[in-house]
Structure formats: structure tokens, C-alpha cells
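Structure, as C-alpha cells:
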Amino acid sequence: MYPPSQAAYDRAITVFSPDGRLFQVEYAREAVRTGSTSLGYTCTEGLVMLAHKRIPSSLTIGSSHEKIFKLDQHTIASSSGLIADARKLVDFARLECQRHRLMYSEEIPIDLLSKKVGDHIQTMTQYGGVRPYGVSLLIGGVNARSHLFETDPSGAIFEYKATAIGSGKKAVEEFFEKEYQEKASLQDAIKLSVKAMKKAVEEKISAGILDLAVVSKADKKTKIFTTDEIAKYL
């Protein structure tokens, strides 16, 4: 049993502990930390996003377990944590993309989209009767250059050249710190991303447990790869 004071801080999302912590936000981060790995890689030719899917049963149809989501022609997202929470945030992000196109007749800047998603996440840490989102997103795409942002359950956002979320975050980041090449082609970036994922995932990698997508700087269009196309890089 926790002491009464500790239990109160645990239950109330809006109450800080004496040392300035919001325990429910920290517990939400645990859902992300133990989730399946997703990674992003920016290069001069665009953006690569690769995600590992934990398939619970051999009877599961892998394509029904989506880990990379198209938000607009020029931007995609991937998640780690509670997939149902991820879908809610993806729906929110897609609406923001549509609103921006209708109002301004242009694609939404990736940094603005990420900030809007982060602001929405933050509201779930400030009011009673709600809980934090138990998920982090990688939001990436191409405007004048390629961008990659990570959201945190607190609502904070961070921009990276390459990073990962989920259980394999540390292994992927250690690999990218040594191997990252900003001027890599999209093909080379895919190959490096696959190598990084192999470092992060304990089971044998196969095309059926991966999602792969790229956004090309040349045409600002998203391509989501089929299982057969992914297999060529393994």
C-alpha cells in the first residue's frame, strides 16, 4: 500500500507532488517506454519512418495492425504506446491538416502541426476528469526541408534529425549517433533505418512485422510500402 499522500498524488492528474512531479504523466511515459519501437530518419531527400509491430497471434492479420499513419500528402506519423490513444491523436492531426488547407490553400507546416498536437496533449494534463494520452508520436514530413518531431505525454515536443520511441529507443539512438548521415539518399536512409531496427528488436525481423513509409522532398508525396517492397530491404 502507498502512504495516503502518495496515493493522492497518483490518482489526481492535476495535483503536483512536493517535488514537482505529475505521477500520471510519468506513468503514461511508461506505456510509451514499453511500447513497440518506431523510428524516424531525416535526410536531404526527405524522411523515412519505420515501425515495428507486435503481432499478438499467428491468426492476426498483420495489415490490420497499423503503426504508420498518413496525415496529409506531405506528412506522416508513427506511434508507441496505447494504439487506441494514437488513433485519437492521428484523427486530431488529420483534421488540423484539413483545416489548414481549407483556410490557407497550402500544406500545413510540420512544426505548426506538431505544436498543435502537443498543445492538445497538454490539455489532458491540466484538467480533472481526464487522463494523459499513453502514447508518443513521431510526426514527420517535408516542407522546405524534412522535419521530424517527437511528442511526449506531457505535451512537450522535440525536433530531431533521427530518433526513436518505444522500447528500442536507446538502441536506435546509439546506432544513429554513430551512423547517421544527413546527406544520405532515401534508399540509404531506409537501409540504415532497417539496420537500426534490427539493433532494437529482439525477435527476427520480417516484412510482416514492419511498417515503412517515406516522404520525398522532390514531390512532397508520401509512399507507404507494401510487405513485398519492405522484404527487399531485409
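FYI, nothing fancy with the C-alpha cells labels: chains A, B, ... in order, residues from 1 per chain, ligands from 1 as they appear.
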
Write out as a CSV table (one decimal) with C-alpha atoms, in the first residue's frame which residues come within 10 Å of segment 191-193 of chain A when counting only C-alpha atoms, dropping same-chain ones fewer than 6 positions away.
chain,number,residue,atom,x,y,z
A,39,LEU,CA,11.9,5.4,-35.7
A,40,GLY,CA,12.3,8.3,-38.0
A,41,TYR,CA,15.2,9.5,-40.1
A,48,VAL,CA,11.9,7.7,-43.6
A,49,MET,CA,9.7,6.3,-40.9
A,50,LEU,CA,9.9,2.6,-39.8
A,51,ALA,CA,7.8,0.9,-37.2
A,162,ALA,CA,16.8,11.0,-36.4
A,172,VAL,CA,18.3,3.1,-32.1
A,175,PHE,CA,23.2,3.4,-33.6
A,176,PHE,CA,22.2,6.7,-35.2
A,179,GLU,CA,25.9,6.0,-38.3
A,180,TYR,CA,23.6,9.0,-39.1
A,181,GLN,CA,24.3,10.6,-42.5
A,184,ALA,CA,22.1,10.1,-47.4
A,185,SER,CA,19.7,9.2,-50.2
A,199,LYS,CA,19.5,-3.5,-33.1
A,212,LEU,CA,7.7,1.5,-43.7
A,233,TYR,CA,15.4,-4.2,-47.7
A,234,LEU,CA,15.8,-7.1,-45.2

Residue contacts of Lys116 of chain A (9 Å, only C-alpha atoms) excluding same-chain residues fewer than 5 positions away, as a list of chain:residue names |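 Residues meeting the cut-off are A:Ala93, A:Glu96, A:Asp111, A:Ile121.
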
Can I get the selection written as a PDB file, in the first residue's frame, with C-alpha atoms?
ATOM      1  CA  ALA A  93      -3.818  15.810 -36.563  1.00  0.00           C
ATOM      2  CA  GLU A  96      -5.738  20.145 -38.369  1.00  0.00           C
ATOM      3  CA  ASP A 111       6.368  22.400 -36.907  1.00  0.00           C
ATOM      4  CA  ILE A 121      -1.917  16.574 -25.474  1.00  0.00           C
TER       5      ILE A 121
END

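Note that atom CA of Gly35 of chain A and atom CA of Ala213 of chain A are 19.5 Å apart.
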
From the DSSP assignment of the backbone, select every residue of segment 71-191 of chain A that is helix (DSSP H, G or I), and format the answer as number ranges by chain.
-> A: 83-104, 110-123, 169-179, 186-191

Could you state the separation of atom CA of Arg145 of chain A and atom CA of Tyr160 of chain A in Å, given to one decimal place?
->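 Pair atom CA of Arg145 of chain A / atom CA of Tyr160 of chain A returns 12.8 Å.
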
Selection near segment 137-141 of chain A, 10 Å with only C-alpha atoms, sequence-local residues under 6 positions removed, as an MDAnalysis selection string | chainID A and resid 32 38:42 46:49 68:81 86 89:90 93 109:111 113:114 117:118 147:153 157:160 163:166 214:217 220:222

Pick out the closest residue to Val135 of chain A from this set: A:Arg21, A:Lys53, A:Lys170, A:Arg33. Count only C-alpha atoms.
-> A:Arg33

Per DSSP on the backbone, filter segment 22-186 of chain A down to the residues in strand (DSSP E or B) and report them as a PyMOL selection string.
-> chain A and resi 38-43+46-52+68-72+75-81+135-142+146-151+157-159+162-165

Take the residues just selected and output them with N, CA and C atoms as a short mmCIF file (atom, residue, chain, number, x, y, z; two decimals), in the first residue's frame.
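out39.cif was written with the following content:
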data_model
loop_
_atom_site.label_atom_id
_atom_site.label_comp_id
_atom_site.auth_asym_id
_atom_site.auth_seq_id
_atom_site.Cartn_x
_atom_site.Cartn_y
_atom_site.Cartn_z
N SER A 38 9.28 2.61 -32.85
CA SER A 38 9.11 3.35 -34.10
C SER A 38 10.28 4.30 -34.24
N LEU A 39 10.76 4.50 -35.47
CA LEU A 39 11.89 5.40 -35.66
C LEU A 39 11.67 6.28 -36.88
N GLY A 40 12.35 7.42 -36.86
CA GLY A 40 12.31 8.34 -37.99
C GLY A 40 13.70 8.80 -38.35
N TYR A 41 13.90 9.12 -39.62
CA TYR A 41 15.23 9.48 -40.14
C TYR A 41 15.04 10.57 -41.20
N THR A 42 15.61 11.75 -40.98
CA THR A 42 15.54 12.81 -41.98
C THR A 42 16.84 12.86 -42.78
N CYS A 43 16.71 13.17 -44.05
CA CYS A 43 17.88 13.34 -44.91
C CYS A 43 17.56 14.41 -45.95
N GLY A 46 14.48 13.69 -48.05
CA GLY A 46 13.17 13.53 -47.46
C GLY A 46 13.20 12.90 -46.09
N LEU A 47 12.21 12.06 -45.81
CA LEU A 47 12.04 11.46 -44.49
C LEU A 47 11.70 9.98 -44.63
N VAL A 48 12.27 9.18 -43.73
CA VAL A 48 11.95 7.75 -43.63
C VAL A 48 11.35 7.48 -42.26
N MET A 49 10.28 6.70 -42.21
CA MET A 49 9.70 6.27 -40.94
C MET A 49 9.51 4.76 -40.98
N LEU A 50 9.97 4.09 -39.93
CA LEU A 50 9.92 2.63 -39.85
C LEU A 50 9.38 2.25 -38.48
N ALA A 51 8.45 1.31 -38.44
CA ALA A 51 7.82 0.92 -37.18
C ALA A 51 7.74 -0.59 -37.06
N HIS A 52 8.00 -1.07 -35.83
CA HIS A 52 7.88 -2.49 -35.52
C HIS A 52 6.50 -2.76 -34.95
N ILE A 68 2.01 3.16 -38.86
CA ILE A 68 2.35 4.41 -39.54
C ILE A 68 1.09 4.94 -40.21
N PHE A 69 0.84 6.23 -39.99
CA PHE A 69 -0.41 6.85 -40.45
C PHE A 69 -0.10 8.03 -41.37
N LYS A 70 -0.80 8.09 -42.48
CA LYS A 70 -0.69 9.24 -43.38
C LYS A 70 -1.59 10.35 -42.85
N LEU A 71 -1.01 11.52 -42.57
CA LEU A 71 -1.79 12.65 -42.08
C LEU A 71 -2.24 13.56 -43.22
N ASP A 72 -1.34 13.79 -44.17
CA ASP A 72 -1.60 14.59 -45.36
C ASP A 72 -0.62 14.10 -46.42
N THR A 75 2.97 14.63 -44.95
CA THR A 75 3.31 14.36 -43.56
C THR A 75 2.71 13.04 -43.08
N ILE A 76 3.47 12.34 -42.22
CA ILE A 76 3.08 11.05 -41.67
C ILE A 76 3.38 11.02 -40.18
N ALA A 77 2.85 10.01 -39.50
CA ALA A 77 3.10 9.86 -38.07
C ALA A 77 3.21 8.38 -37.73
N SER A 78 3.95 8.10 -36.66
CA SER A 78 4.03 6.75 -36.12
C SER A 78 3.92 6.84 -34.61
N SER A 79 3.57 5.74 -33.97
CA SER A 79 3.26 5.79 -32.54
C SER A 79 3.97 4.70 -31.76
N SER A 80 4.05 4.94 -30.44
CA SER A 80 4.45 3.91 -29.50
C SER A 80 3.65 4.13 -28.23
N GLY A 81 3.07 3.07 -27.71
CA GLY A 81 2.21 3.18 -26.53
C GLY A 81 0.85 2.58 -26.83
N VAL A 135 0.67 7.62 -25.02
CA VAL A 135 1.30 7.38 -26.32
C VAL A 135 2.20 8.55 -26.67
N SER A 136 3.25 8.26 -27.40
CA SER A 136 4.07 9.29 -28.06
C SER A 136 3.96 9.10 -29.56
N LEU A 137 4.04 10.21 -30.28
CA LEU A 137 4.02 10.17 -31.73
C LEU A 137 5.34 10.69 -32.29
N LEU A 138 5.76 10.11 -33.39
CA LEU A 138 6.74 10.74 -34.27
C LEU A 138 5.94 11.36 -35.41
N ILE A 139 6.09 12.66 -35.59
CA ILE A 139 5.42 13.38 -36.67
C ILE A 139 6.49 13.89 -37.61
N GLY A 140 6.43 13.49 -38.86
CA GLY A 140 7.47 13.88 -39.81
C GLY A 140 6.90 14.21 -41.17
N GLY A 141 7.71 14.89 -41.96
CA GLY A 141 7.29 15.23 -43.31
C GLY A 141 8.24 16.22 -43.94
N VAL A 142 7.78 16.82 -45.02
CA VAL A 142 8.62 17.73 -45.80
C VAL A 142 7.87 19.03 -46.06
N SER A 146 13.08 18.56 -44.72
CA SER A 146 12.43 17.49 -43.96
C SER A 146 12.47 17.80 -42.47
N HIS A 147 11.41 17.40 -41.77
CA HIS A 147 11.29 17.63 -40.34
C HIS A 147 10.87 16.33 -39.65
N LEU A 148 11.29 16.20 -38.37
CA LEU A 148 10.89 15.06 -37.55
C LEU A 148 10.71 15.54 -36.11
N PHE A 149 9.49 15.39 -35.59
CA PHE A 149 9.19 15.80 -34.22
C PHE A 149 8.72 14.60 -33.41
N GLU A 150 9.03 14.65 -32.11
CA GLU A 150 8.53 13.66 -31.16
C GLU A 150 7.63 14.36 -30.15
N THR A 151 6.45 13.78 -29.89
CA THR A 151 5.59 14.31 -28.83
C THR A 151 5.76 13.47 -27.57
N ILE A 157 7.17 18.91 -27.16
CA ILE A 157 7.58 18.41 -28.47
C ILE A 157 9.06 18.70 -28.67
N PHE A 158 9.73 17.82 -29.39
CA PHE A 158 11.16 17.94 -29.66
C PHE A 158 11.41 17.63 -31.12
N GLU A 159 12.33 18.37 -31.74
CA GLU A 159 12.68 18.09 -33.14
C GLU A 159 14.02 17.37 -33.19
N ALA A 162 17.18 12.41 -36.37
CA ALA A 162 16.79 11.00 -36.37
C ALA A 162 16.57 10.58 -34.92
N THR A 163 15.55 9.79 -34.68
CA THR A 163 15.28 9.35 -33.31
C THR A 163 14.33 8.17 -33.32
N ALA A 164 14.01 7.68 -32.13
CA ALA A 164 13.07 6.56 -31.99
C ALA A 164 12.25 6.75 -30.73
N ILE A 165 11.12 6.06 -30.67
CA ILE A 165 10.30 5.99 -29.47
C ILE A 165 9.99 4.53 -29.21
#
